[in-house]
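Structure file input_39.tsv (TSV, C-alpha atoms) follows.
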chain	number	residue	atom	x	y	z
A	1272	MET	CA	0.00	0.00	0.00
A	1273	THR	CA	2.79	2.35	0.50
A	1274	ASN	CA	3.71	2.13	-3.19
A	1275	TRP	CA	0.13	2.91	-4.16
A	1276	PHE	CA	0.06	5.87	-1.71
A	1277	TYR	CA	3.32	7.30	-3.13
A	1278	PHE	CA	2.08	6.71	-6.66
A	1279	GLN	CA	-1.13	8.69	-5.90
A	1280	ARG	CA	0.88	11.52	-4.37
A	1281	LEU	CA	3.25	11.61	-7.35
A	1282	LEU	CA	0.32	11.56	-9.81
A	1283	THR	CA	-1.38	14.45	-7.94
A	1284	LEU	CA	1.86	16.43	-7.89
A	1285	LEU	CA	2.43	15.87	-11.64
A	1286	LEU	CA	-1.17	16.87	-12.40
A	1287	ALA	CA	-0.76	20.09	-10.37
A	1288	VAL	CA	2.51	20.93	-12.13
A	1289	CYS	CA	0.88	20.35	-15.54
A	1290	LEU	CA	-2.02	22.65	-14.63
A	1291	LEU	CA	0.32	25.38	-13.43
A	1292	ILE	CA	2.46	25.15	-16.55
A	1293	SER	CA	-0.55	25.27	-18.90
A	1294	CYS	CA	-2.13	28.33	-17.25
A	1295	GLU	CA	-1.31	31.62	-18.93
A	1296	ASN	CA	-2.09	34.94	-17.31
A	1297	ASP	CA	-1.09	37.56	-19.86
A	1298	LEU	CA	-2.12	40.78	-18.12
A	1299	GLU	CA	-2.73	42.60	-21.42
A	1300	LYS	CA	-5.10	39.85	-22.60
A	1301	VAL	CA	-7.04	40.02	-19.34
A	1302	ARG	CA	-7.37	43.83	-19.65
A	1303	ASN	CA	-8.58	43.50	-23.24
A	1304	LEU	CA	-11.29	41.07	-22.16
A	1305	SER	CA	-12.66	43.53	-19.62
A	1306	SER	CA	-12.40	46.68	-21.76
A	1307	LYS	CA	-15.24	47.72	-24.04
A	1308	GLU	CA	-14.26	48.39	-27.63
A	1309	LEU	CA	-15.39	51.83	-28.76
A	1310	GLY	CA	-17.44	52.23	-31.90
A	1311	VAL	CA	-16.25	55.23	-33.91
A	1312	GLU	CA	-17.93	56.66	-37.00
A	1313	GLU	CA	-15.94	59.21	-39.01
A	1314	GLY	CA	-17.19	61.92	-41.33
A	1315	LYS	CA	-15.06	64.16	-43.53
A	1316	ASP	CA	-15.88	67.69	-44.74
A	1317	VAL	CA	-19.04	67.73	-42.62
A	1318	VAL	CA	-21.73	70.41	-42.84
A	1319	LEU	CA	-24.43	70.33	-40.13
A	1320	ASN	CA	-27.50	72.58	-40.34
A	1321	TYR	CA	-29.43	73.32	-37.14
A	1322	THR	CA	-32.99	74.58	-37.71
A	1323	VAL	CA	-35.93	75.48	-35.49
A	1324	ALA	CA	-39.43	75.48	-36.99
A	1325	GLY	CA	-37.91	75.35	-40.47
A	1326	LYS	CA	-35.68	78.39	-39.89
A	1327	ILE	CA	-31.91	78.07	-40.05
A	1328	LYS	CA	-30.26	78.86	-36.71
A	1329	SER	CA	-26.69	77.72	-37.31
A	1330	VAL	CA	-24.44	75.93	-39.77
A	1331	LEU	CA	-21.43	74.05	-38.50
A	1332	LYS	CA	-18.57	72.96	-40.78
A	1333	ALA	CA	-15.63	70.72	-39.91
A	1334	PRO	CA	-13.00	68.82	-41.88
A	1335	VAL	CA	-13.36	65.78	-39.58
A	1336	MET	CA	-16.18	64.67	-37.28
A	1337	LEU	CA	-16.01	61.58	-35.08
A	1338	ARG	CA	-19.09	60.04	-33.45
A	1339	VAL	CA	-17.90	57.87	-30.56
A	1340	GLU	CA	-20.21	55.22	-29.06
A	1341	ASP	CA	-19.18	54.69	-25.45
A	1342	SER	CA	-20.95	54.54	-22.09
A	1343	VAL	CA	-21.36	58.31	-22.65
A	1344	SER	CA	-21.55	58.92	-26.41
A	1345	TYR	CA	-20.10	62.10	-27.87
A	1346	ILE	CA	-19.27	63.82	-31.13
A	1347	GLU	CA	-15.76	65.17	-31.57
A	1348	PHE	CA	-14.29	67.71	-33.98
A	1349	PRO	CA	-10.53	67.08	-33.62
A	1350	LYS	CA	-9.31	69.25	-36.52
A	1351	THR	CA	-11.07	72.63	-36.17
A	1352	LEU	CA	-14.65	73.68	-36.60
A	1353	PHE	CA	-16.47	76.74	-37.96
A	1354	ALA	CA	-20.02	77.80	-37.11
A	1355	LEU	CA	-22.25	80.59	-38.46
A	1356	PHE	CA	-25.25	81.75	-36.37
A	1357	TYR	CA	-28.34	83.27	-37.98
A	1358	ASN	CA	-31.00	85.70	-36.71
A	1359	GLU	CA	-34.77	85.41	-37.19
A	1360	LYS	CA	-34.51	87.01	-40.65
A	1361	GLY	CA	-32.08	84.29	-41.78
A	1362	GLU	CA	-29.11	86.69	-41.83
A	1363	ALA	CA	-25.72	85.57	-40.50
A	1364	GLU	CA	-25.05	87.57	-37.33
A	1365	SER	CA	-22.02	85.92	-35.76
A	1366	LYS	CA	-19.40	83.27	-36.36
A	1367	LEU	CA	-17.30	80.97	-34.22
A	1368	THR	CA	-14.04	79.14	-34.93
A	1369	ALA	CA	-12.12	76.72	-32.70
A	1370	GLY	CA	-9.29	74.25	-33.02
A	1371	TYR	CA	-11.22	71.49	-31.23
A	1372	GLY	CA	-14.79	70.74	-30.18
A	1373	ARG	CA	-16.66	68.00	-28.32
A	1374	TYR	CA	-20.44	67.60	-28.06
A	1375	LYS	CA	-21.78	65.34	-25.32
A	1376	GLU	CA	-25.12	64.16	-26.63
A	1377	ASN	CA	-26.72	63.48	-23.23
A	1378	GLU	CA	-25.81	66.96	-21.89
A	1379	GLU	CA	-26.35	68.94	-25.12
A	1380	ILE	CA	-23.28	71.07	-24.37
A	1381	VAL	CA	-20.41	71.79	-26.75
A	1382	TYR	CA	-16.94	72.15	-25.28
A	1383	LEU	CA	-14.57	74.27	-27.42
A	1384	ARG	CA	-10.85	74.85	-27.00
A	1385	ASP	CA	-7.69	75.91	-28.82
A	1386	SER	CA	-7.84	79.42	-30.30
A	1387	VAL	CA	-11.57	79.99	-29.87
A	1388	VAL	CA	-12.82	83.13	-31.65
A	1389	VAL	CA	-16.38	84.51	-31.74
A	1390	LEU	CA	-17.20	87.54	-33.91
A	1391	ASN	CA	-20.41	89.60	-34.03
A	1392	PHE	CA	-20.84	91.00	-37.56
A	1393	GLN	CA	-23.07	93.95	-36.60
A	1394	LYS	CA	-21.08	95.35	-33.65
A	1395	GLY	CA	-17.68	94.10	-34.72
A	1396	ASP	CA	-16.93	92.78	-31.21
A	1397	THR	CA	-14.62	89.77	-31.12
A	1398	LEU	CA	-13.99	87.29	-28.32
A	1399	PHE	CA	-10.67	85.46	-28.01
A	1400	CYS	CA	-10.19	82.64	-25.50
A	1401	ASP	CA	-8.67	79.20	-25.10
A	1402	GLU	CA	-11.74	77.45	-23.70
A	1403	LEU	CA	-15.46	78.06	-24.14
A	1404	TYR	CA	-18.73	76.21	-23.55
A	1405	TRP	CA	-21.77	76.52	-25.81
A	1406	ASP	CA	-25.08	75.53	-24.23
A	1407	ARG	CA	-28.25	76.33	-26.22
A	1408	SER	CA	-30.43	75.79	-23.13
A	1409	ARG	CA	-28.91	78.89	-21.45
A	1410	ILE	CA	-30.99	81.44	-23.39
A	1411	GLY	CA	-29.12	84.76	-23.58
A	1412	ALA	CA	-25.92	83.27	-22.10
A	1413	GLU	CA	-25.25	80.37	-24.47
A	1414	PHE	CA	-21.47	80.97	-24.39
A	1415	TYR	CA	-19.61	80.84	-21.08
A	1416	THR	CA	-16.19	80.17	-19.57
A	1417	ASP	CA	-14.30	80.53	-16.30
A	1418	LYS	CA	-10.98	80.92	-18.12
A	1419	PRO	CA	-9.17	84.10	-19.29
A	1420	VAL	CA	-10.84	86.00	-22.15
A	1421	ARG	CA	-10.06	88.98	-24.37
A	1422	ILE	CA	-12.79	91.03	-26.05
A	1423	ARG	CA	-11.90	93.46	-28.78
A	1424	THR	CA	-14.47	96.16	-29.52
A	1425	LYS	CA	-14.16	99.06	-31.98
A	1426	THR	CA	-12.38	101.19	-29.36
A	1427	GLN	CA	-11.24	98.86	-26.57
A	1428	ILE	CA	-9.40	95.70	-25.70
A	1429	ILE	CA	-10.85	94.18	-22.52
A	1430	ASP	CA	-9.11	91.34	-20.68
A	1431	GLY	CA	-10.84	89.36	-17.99
A	1432	LEU	CA	-11.45	86.12	-16.20
A	1433	GLY	CA	-14.72	84.30	-16.88
A	1434	MET	CA	-17.49	85.46	-19.19
A	1435	GLU	CA	-21.03	84.86	-20.35
A	1436	ALA	CA	-22.36	85.94	-23.73
A	1437	SER	CA	-25.34	85.53	-25.98
A	1438	GLN	CA	-24.93	83.28	-29.00
A	1439	ASP	CA	-25.03	86.27	-31.36
A	1440	PHE	CA	-22.36	87.91	-29.16
A	1441	LYS	CA	-24.34	91.18	-29.00
A	1442	ASN	CA	-24.38	90.98	-25.21
A	1443	HIS	CA	-21.43	89.84	-23.12
A	1444	ASN	CA	-20.47	90.10	-19.49
A	1445	ILE	CA	-16.94	89.56	-18.20
A	1446	ARG	CA	-17.06	88.33	-14.59
A	1447	GLU	CA	-13.73	89.82	-13.50
A	1448	VAL	CA	-12.18	92.53	-15.67
A	1449	THR	CA	-8.38	92.48	-15.35
A	1450	GLY	CA	-7.53	95.22	-17.83
A	1451	VAL	CA	-8.97	97.71	-20.32
A	1452	ILE	CA	-7.09	99.49	-23.06
A	1453	THR	CA	-8.95	102.32	-24.81
A	1454	ILE	CA	-7.68	103.30	-28.25
A	1455	PRO	CA	-9.09	105.98	-30.56
A	1456	THR	CA	-10.81	104.41	-33.55
A	1457	ALA	CA	-8.36	105.98	-36.00
A	1458	GLN	CA	-5.40	104.34	-34.23
A	1459	PHE	CA	-6.95	100.94	-33.61
A	1460	PRO	CA	-5.07	98.11	-35.34
A	1461	GLN	CA	-6.96	96.36	-38.10
Just dump the structure as structure tokens.
Amino acid sequence: MTNWFYFQRLLTLLLAVCLLISCENDLEKVRNLSSKELGVEEGKDVVLNYTVAGKIKSVLKAPVMLRVEDSVSYIEFPKTLFALFYNEKGEAESKLTAGYGRYKENEEIVYLRDSVVVLNFQKGDTLFCDELYWDRSRIGAEFYTDKPVRIRTKTQIIDGLGMEASQDFKNHNIREVTGVITIPTAQFPQ
């Protein structure tokens, strides 16, 4: 019986060694099993028209648009975007450009960054900033940021921290003005 007992022990030990040798725990493979693969749709030279009751409100153009399906889906404009905003008469009243944009579909907010510029055609006022949010649900204050801004009017350059502005950029409010330079119209740089 002692031979049979030793044989059983040896067989169990060999079986355990075989199981340990055959198991593979590649950490990268385990991570890939648990990660969700993103679905990405890509559009090139995109033109999006936003209308309300059949009237054009804005036109957005971008060389590349990515629609990313994730737990929180979003649309991304990684290579610049350009938007024109129209008044009730269908006339373009302001424009926006940015180096990057992201639209979170569930929040309906557009995040803009990298050389953001908003220009009102009627007043000639121009906003320059590095980061801006665009939220259509904030009537009269669709654009906002907590970051540094510069507004150039026909006779002033106004620097500040934080701002709210209407989408047409006719009305704007800088939260904390940090500097104002007044220049006669004739001497203002073009």
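Between atom CA of A:Leu1432 and atom CA of A:Thr1449 there is a distance of 7.1 Å.
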Nearest candidate to A:Arg1338 (options A:Tyr1382, A:Tyr1374, A:Trp1405, A:Phe1356; using all atoms listed in the file)
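Ranked by minimum distance to A:Arg1338, first place goes to A:Tyr1374.
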Using all atoms listed in the file, which residues sit within 12 Å of stretch 1310-1319 of chain A once same-chain residues fewer than 3 positions away are excluded, as number ranges by chain?
A: 1307, 1322, 1327-1355
Atom CA of A:Cys1400 and atom CA of A:Asp1430, how far apart in Å?
10.0 Å
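Atom pair atom CA of A:Ile1410 / atom CA of A:Lys1425: separated by 25.8 Å.
Of the listed residues A:Arg1384, A:Lys1326, A:Arg1446, A:Arg1421, the one whose atoms come nearest to A:Gly1433 is A:Arg1446, with distances taken using all atoms listed in the file.
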Can you pull out every residue within 9 Å of A:Gln1393, counting only C-alpha atoms, but drop anything in the same chain fewer than 2 positions away, and send it as an MDAnalysis selection string?
chainID A and resid 1364:1365 1391 1395:1396 1441
Those selected residues, please, written with C-alpha atoms and delivered as an mmCIF file, in the coordinates of the input.
data_model
loop_
_atom_site.group_PDB
_atom_site.id
_atom_site.type_symbol
_atom_site.label_atom_id
_atom_site.label_comp_id
_atom_site.auth_asym_id
_atom_site.auth_seq_id
_atom_site.Cartn_x
_atom_site.Cartn_y
_atom_site.Cartn_z
ATOM 1 C CA GLU A 1364 -25.050 87.570 -37.330
ATOM 2 C CA SER A 1365 -22.020 85.920 -35.760
ATOM 3 C CA ASN A 1391 -20.410 89.600 -34.030
ATOM 4 C CA GLY A 1395 -17.680 94.100 -34.720
ATOM 5 C CA ASP A 1396 -16.930 92.780 -31.210
ATOM 6 C CA LYS A 1441 -24.340 91.180 -29.000
#
Contact residues around A:Ala1436 with only C-alpha atoms at 6 Å, ignoring same-chain residues under 2 positions, as a PyMOL selection string
chain A and resi 1412+1414+1440+1442-1443
Mind listing as a PDB file with C-alpha atoms, in the frame of the given file all residues within 7 Å of (-10.0, 73.4, -30.2), counting all atoms listed in the file?
ATOM      1  CA  THR A1351     -11.070  72.630 -36.170  1.00  0.00           C
ATOM      2  CA  ALA A1369     -12.120  76.720 -32.700  1.00  0.00           C
ATOM      3  CA  GLY A1370      -9.290  74.250 -33.020  1.00  0.00           C
ATOM      4  CA  TYR A1371     -11.220  71.490 -31.230  1.00  0.00           C
ATOM      5  CA  GLY A1372     -14.790  70.740 -30.180  1.00  0.00           C
ATOM      6  CA  LEU A1383     -14.570  74.270 -27.420  1.00  0.00           C
ATOM      7  CA  ARG A1384     -10.850  74.850 -27.000  1.00  0.00           C
ATOM      8  CA  ASP A1385      -7.690  75.910 -28.820  1.00  0.00           C
ATOM      9  CA  SER A1386      -7.840  79.420 -30.300  1.00  0.00           C
ATOM     10  CA  VAL A1387     -11.570  79.990 -29.870  1.00  0.00           C
TER      11      VAL A1387
END
With distances taken over all atoms listed in the file, which residue among A:Glu1359, A:Val1448, A:Pro1455, A:Arg1409 lies nearest A:Gln1427?
A:Pro1455
Produce stretch 1326-1460 of chain A of the given structure as output with C-alpha atoms, as a short mmCIF file (atom, residue, chain, number, x, y, z; two decimals), in the first residue's frame.
data_model
loop_
_atom_site.label_atom_id
_atom_site.label_comp_id
_atom_site.auth_asym_id
_atom_site.auth_seq_id
_atom_site.Cartn_x
_atom_site.Cartn_y
_atom_site.Cartn_z
CA LYS A 1326 -35.68 78.39 -39.89
CA ILE A 1327 -31.91 78.07 -40.05
CA LYS A 1328 -30.26 78.86 -36.71
CA SER A 1329 -26.69 77.72 -37.31
CA VAL A 1330 -24.44 75.93 -39.77
CA LEU A 1331 -21.43 74.05 -38.50
CA LYS A 1332 -18.57 72.96 -40.78
CA ALA A 1333 -15.63 70.72 -39.91
CA PRO A 1334 -13.00 68.82 -41.88
CA VAL A 1335 -13.36 65.78 -39.58
CA MET A 1336 -16.18 64.67 -37.28
CA LEU A 1337 -16.01 61.58 -35.08
CA ARG A 1338 -19.09 60.04 -33.45
CA VAL A 1339 -17.90 57.87 -30.56
CA GLU A 1340 -20.21 55.22 -29.06
CA ASP A 1341 -19.18 54.69 -25.45
CA SER A 1342 -20.95 54.54 -22.09
CA VAL A 1343 -21.36 58.31 -22.65
CA SER A 1344 -21.55 58.92 -26.41
CA TYR A 1345 -20.10 62.10 -27.87
CA ILE A 1346 -19.27 63.82 -31.13
CA GLU A 1347 -15.76 65.17 -31.57
CA PHE A 1348 -14.29 67.71 -33.98
CA PRO A 1349 -10.53 67.08 -33.62
CA LYS A 1350 -9.31 69.25 -36.52
CA THR A 1351 -11.07 72.63 -36.17
CA LEU A 1352 -14.65 73.68 -36.60
CA PHE A 1353 -16.47 76.74 -37.96
CA ALA A 1354 -20.02 77.80 -37.11
CA LEU A 1355 -22.25 80.59 -38.46
CA PHE A 1356 -25.25 81.75 -36.37
CA TYR A 1357 -28.34 83.27 -37.98
CA ASN A 1358 -31.00 85.70 -36.71
CA GLU A 1359 -34.77 85.41 -37.19
CA LYS A 1360 -34.51 87.01 -40.65
CA GLY A 1361 -32.08 84.29 -41.78
CA GLU A 1362 -29.11 86.69 -41.83
CA ALA A 1363 -25.72 85.57 -40.50
CA GLU A 1364 -25.05 87.57 -37.33
CA SER A 1365 -22.02 85.92 -35.76
CA LYS A 1366 -19.40 83.27 -36.36
CA LEU A 1367 -17.30 80.97 -34.22
CA THR A 1368 -14.04 79.14 -34.93
CA ALA A 1369 -12.12 76.72 -32.70
CA GLY A 1370 -9.29 74.25 -33.02
CA TYR A 1371 -11.22 71.49 -31.23
CA GLY A 1372 -14.79 70.74 -30.18
CA ARG A 1373 -16.66 68.00 -28.32
CA TYR A 1374 -20.44 67.60 -28.06
CA LYS A 1375 -21.78 65.34 -25.32
CA GLU A 1376 -25.12 64.16 -26.63
CA ASN A 1377 -26.72 63.48 -23.23
CA GLU A 1378 -25.81 66.96 -21.89
CA GLU A 1379 -26.35 68.94 -25.12
CA ILE A 1380 -23.28 71.07 -24.37
CA VAL A 1381 -20.41 71.79 -26.75
CA TYR A 1382 -16.94 72.15 -25.28
CA LEU A 1383 -14.57 74.27 -27.42
CA ARG A 1384 -10.85 74.85 -27.00
CA ASP A 1385 -7.69 75.91 -28.82
CA SER A 1386 -7.84 79.42 -30.30
CA VAL A 1387 -11.57 79.99 -29.87
CA VAL A 1388 -12.82 83.13 -31.65
CA VAL A 1389 -16.38 84.51 -31.74
CA LEU A 1390 -17.20 87.54 -33.91
CA ASN A 1391 -20.41 89.60 -34.03
CA PHE A 1392 -20.84 91.00 -37.56
CA GLN A 1393 -23.07 93.95 -36.60
CA LYS A 1394 -21.08 95.35 -33.65
CA GLY A 1395 -17.68 94.10 -34.72
CA ASP A 1396 -16.93 92.78 -31.21
CA THR A 1397 -14.62 89.77 -31.12
CA LEU A 1398 -13.99 87.29 -28.32
CA PHE A 1399 -10.67 85.46 -28.01
CA CYS A 1400 -10.19 82.64 -25.50
CA ASP A 1401 -8.67 79.20 -25.10
CA GLU A 1402 -11.74 77.45 -23.70
CA LEU A 1403 -15.46 78.06 -24.14
CA TYR A 1404 -18.73 76.21 -23.55
CA TRP A 1405 -21.77 76.52 -25.81
CA ASP A 1406 -25.08 75.53 -24.23
CA ARG A 1407 -28.25 76.33 -26.22
CA SER A 1408 -30.43 75.79 -23.13
CA ARG A 1409 -28.91 78.89 -21.45
CA ILE A 1410 -30.99 81.44 -23.39
CA GLY A 1411 -29.12 84.76 -23.58
CA ALA A 1412 -25.92 83.27 -22.10
CA GLU A 1413 -25.25 80.37 -24.47
CA PHE A 1414 -21.47 80.97 -24.39
CA TYR A 1415 -19.61 80.84 -21.08
CA THR A 1416 -16.19 80.17 -19.57
CA ASP A 1417 -14.30 80.53 -16.30
CA LYS A 1418 -10.98 80.92 -18.12
CA PRO A 1419 -9.17 84.10 -19.29
CA VAL A 1420 -10.84 86.00 -22.15
CA ARG A 1421 -10.06 88.98 -24.37
CA ILE A 1422 -12.79 91.03 -26.05
CA ARG A 1423 -11.90 93.46 -28.78
CA THR A 1424 -14.47 96.16 -29.52
CA LYS A 1425 -14.16 99.06 -31.98
CA THR A 1426 -12.38 101.19 -29.36
CA GLN A 1427 -11.24 98.86 -26.57
CA ILE A 1428 -9.40 95.70 -25.70
CA ILE A 1429 -10.85 94.18 -22.52
CA ASP A 1430 -9.11 91.34 -20.68
CA GLY A 1431 -10.84 89.36 -17.99
CA LEU A 1432 -11.45 86.12 -16.20
CA GLY A 1433 -14.72 84.30 -16.88
CA MET A 1434 -17.49 85.46 -19.19
CA GLU A 1435 -21.03 84.86 -20.35
CA ALA A 1436 -22.36 85.94 -23.73
CA SER A 1437 -25.34 85.53 -25.98
CA GLN A 1438 -24.93 83.28 -29.00
CA ASP A 1439 -25.03 86.27 -31.36
CA PHE A 1440 -22.36 87.91 -29.16
CA LYS A 1441 -24.34 91.18 -29.00
CA ASN A 1442 -24.38 90.98 -25.21
CA HIS A 1443 -21.43 89.84 -23.12
CA ASN A 1444 -20.47 90.10 -19.49
CA ILE A 1445 -16.94 89.56 -18.20
CA ARG A 1446 -17.06 88.33 -14.59
CA GLU A 1447 -13.73 89.82 -13.50
CA VAL A 1448 -12.18 92.53 -15.67
CA THR A 1449 -8.38 92.48 -15.35
CA GLY A 1450 -7.53 95.22 -17.83
CA VAL A 1451 -8.97 97.71 -20.32
CA ILE A 1452 -7.09 99.49 -23.06
CA THR A 1453 -8.95 102.32 -24.81
CA ILE A 1454 -7.68 103.30 -28.25
CA PRO A 1455 -9.09 105.98 -30.56
CA THR A 1456 -10.81 104.41 -33.55
CA ALA A 1457 -8.36 105.98 -36.00
CA GLN A 1458 -5.40 104.34 -34.23
CA PHE A 1459 -6.95 100.94 -33.61
CA PRO A 1460 -5.07 98.11 -35.34
#
